[in-house]
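A short worksheet on the structure shown next.
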Amino acid sequence: MKTTDTPPPVDRVEDRPRVTKTPAAPKKAKSSEGGVLNVFSHGVLILWAIMVVLPLLWAVMTSFKDDDSIFSSPWSLPDKLHVENWSRAWSQAHMSDYFGNTLIVVGFSLVGTLVLGSMAAYVLARFDFPGNRFIYFLFVGGMSFPVMLALVPLFYVLNNMQLLNTLPGLILVYIAYSLPFTVFFLTSFFRTLPTSIAEAAFVDGASHTRTFFQIMLPMAKPGLISVGIFNFLGQWNQYMLPTVLNTDPDKKVLSQGLVELATSQGYKGDWSGLFAGLVMAMLPVLAAYIIFQRQVVQGLTAGALK
């Protein structure tokens, strides 16, 4: 009886055991480097915040202390809130007059800077004409021009125009001083805005003026707020221009008033009133930045995101 040998089993691919490859573990070196970098960056930010916030808090705390407590225990909390320091600085040191003059000058100059700067930036960003780049680089060059070199010519120009020692003359100087940076900033911002909306407005019969004020300007709101905050900070803290161009005691602005307050109160020994006046000048700037900090960040990153 013959027996037949069974054929050897065929090695099929589907019968082979599947070997799953496990993903390679991430390198610990990169993760450790990233962790060290994060710790270092957070440490620097915390240190910077402490260096900025602590002097502000100390100035606010000192403005509510009396003169004896300022020198005897400068780092301790006030025994009670001496609100009379603020009233004395506001009335007797004429901080109310300086504050009002500063609001008038900065308010009108800020509006004029944003209106004129946005119009010039829109034209330079959207229209091609002979001399476009030349005018743009003239504004950019104005940013590098030291204001100290323009003090003497500005003095004689305002004197010839009968605007020396006047608030309107100081407003015009602030506008001219802030225009280069405003045009430079807003020109880059207007270039990031879509052109299809403006073209649709032109097709519907809108004029260039209406398209700018009703369509393009609202779209540029983040950029306007950002450059407005920067101009507000620079104009509010401006000292050199009003010192040379505005010597009338009744028309002095807040920066001049603080220097005069420091000089007069220093001889009188009224340090609590001096710190109260300092905090008065500081609060509007802090309030403006706290309120519009989100819009400032949006305006600075809008060009990169689009």
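Quick note on naming: the chains in the structure tokens go A, B, ... in the order shown, residues restart at 1 in each chain, and ligands are numbered from 1 in order of appearance.
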
Surrounding residues of Leu254 (chain A) excluding itself and chain neighbours under 4 positions, 8 Å, only C-alpha atoms, as a list of chain:residue names: A:Met95, A:Tyr98, A:Phe99, A:Asn101, A:Thr102, A:Trp236, A:Leu258, A:Ala281

Give me the residues near region 129-146 of chain A as a ChimeraX atom specification, where near means some atom within 7 Å (using only C-alpha atoms) and where sequence neighbours in that chain fewer than 6 positions away do not count. /A:180-181,183-184

Those same residues - N, CA, C and O atoms - I'd like them written as a PDB file, in the first residue's frame.
ATOM      1  N   PRO A 180       5.238 111.157  11.705  1.00  0.00           N
ATOM      2  CA  PRO A 180       6.093 110.152  11.032  1.00  0.00           C
ATOM      3  C   PRO A 180       5.848 108.727  11.503  1.00  0.00           C
ATOM      4  O   PRO A 180       5.666 107.823  10.680  1.00  0.00           O
ATOM      5  N   PHE A 181       5.819 108.503  12.802  1.00  0.00           N
ATOM      6  CA  PHE A 181       5.582 107.148  13.296  1.00  0.00           C
ATOM      7  C   PHE A 181       4.174 106.675  12.961  1.00  0.00           C
ATOM      8  O   PHE A 181       3.959 105.500  12.628  1.00  0.00           O
ATOM      9  N   VAL A 183       2.237 107.518  10.356  1.00  0.00           N
ATOM     10  CA  VAL A 183       2.155 107.161   8.938  1.00  0.00           C
ATOM     11  C   VAL A 183       2.907 105.865   8.667  1.00  0.00           C
ATOM     12  O   VAL A 183       2.433 104.996   7.924  1.00  0.00           O
ATOM     13  N   PHE A 184       4.066 105.700   9.255  1.00  0.00           N
ATOM     14  CA  PHE A 184       4.842 104.473   9.075  1.00  0.00           C
ATOM     15  C   PHE A 184       4.079 103.251   9.579  1.00  0.00           C
ATOM     16  O   PHE A 184       4.027 102.210   8.916  1.00  0.00           O
TER      17      PHE A 184
END

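Pairwise distance (CA of Ser178 (chain A), CA of Val253 (chain A)) equals 17.5 Å.
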
If we count only C-alpha atoms and set the cut-off at 10 Å, which residues sit around Leu164 (chain A), ignoring sequence neighbours fewer than 2 positions away in its own chain? Please answer as a list in words.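 Surrounding residues, per the criterion: Leu154, Phe155, Tyr156, Val157, Leu158, Asn159, Asn160, Met161, Gln162, Thr166, Leu167, Pro168, Gly169, Leu170, Val244, Leu245, Asn246, Thr247 and Asp248 of chain A.
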
Show which residues sit within 10 Å of His94 (chain A), as a PyMOL selection string. Count only C-alpha atoms, and ignore same-chain residues fewer than 2 positions away. chain A and resi 88-92+96-99+250+254+257+261+277

Nearest candidate to Leu186 (chain A) (options A:Met148, A:Ala121, A:Met216, A:Ile229; using only C-alpha atoms):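 Closest candidate: A:Ala121.
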
Residues flagged alpha helix (DSSP H) by DSSP in region 93-214 of chain A, as JSON, numbers by chain: {"A": [95, 96, 97, 98, 99, 100, 101, 102, 103, 104, 105, 106, 107, 108, 109, 110, 111, 112, 113, 114, 115, 116, 117, 118, 119, 120, 121, 122, 123, 124, 125, 126, 132, 133, 134, 135, 136, 137, 138, 139, 140, 141, 142, 143, 151, 152, 153, 154, 155, 156, 157, 158, 159, 160, 167, 168, 169, 170, 171, 172, 173, 174, 175, 176, 177, 178, 179, 180, 181, 182, 183, 184, 185, 186, 187, 188, 189, 190, 191, 192, 195, 196, 197, 198, 199, 200, 201, 202, 203, 208, 209, 210, 211]}

Mind pulling up the distance from CA of Gly228 (chain A) to CA of Leu103 (chain A)?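 Taking CA of Leu103 (chain A) as the start and CA of Gly228 (chain A) as the end point, the length is 14.6 Å.
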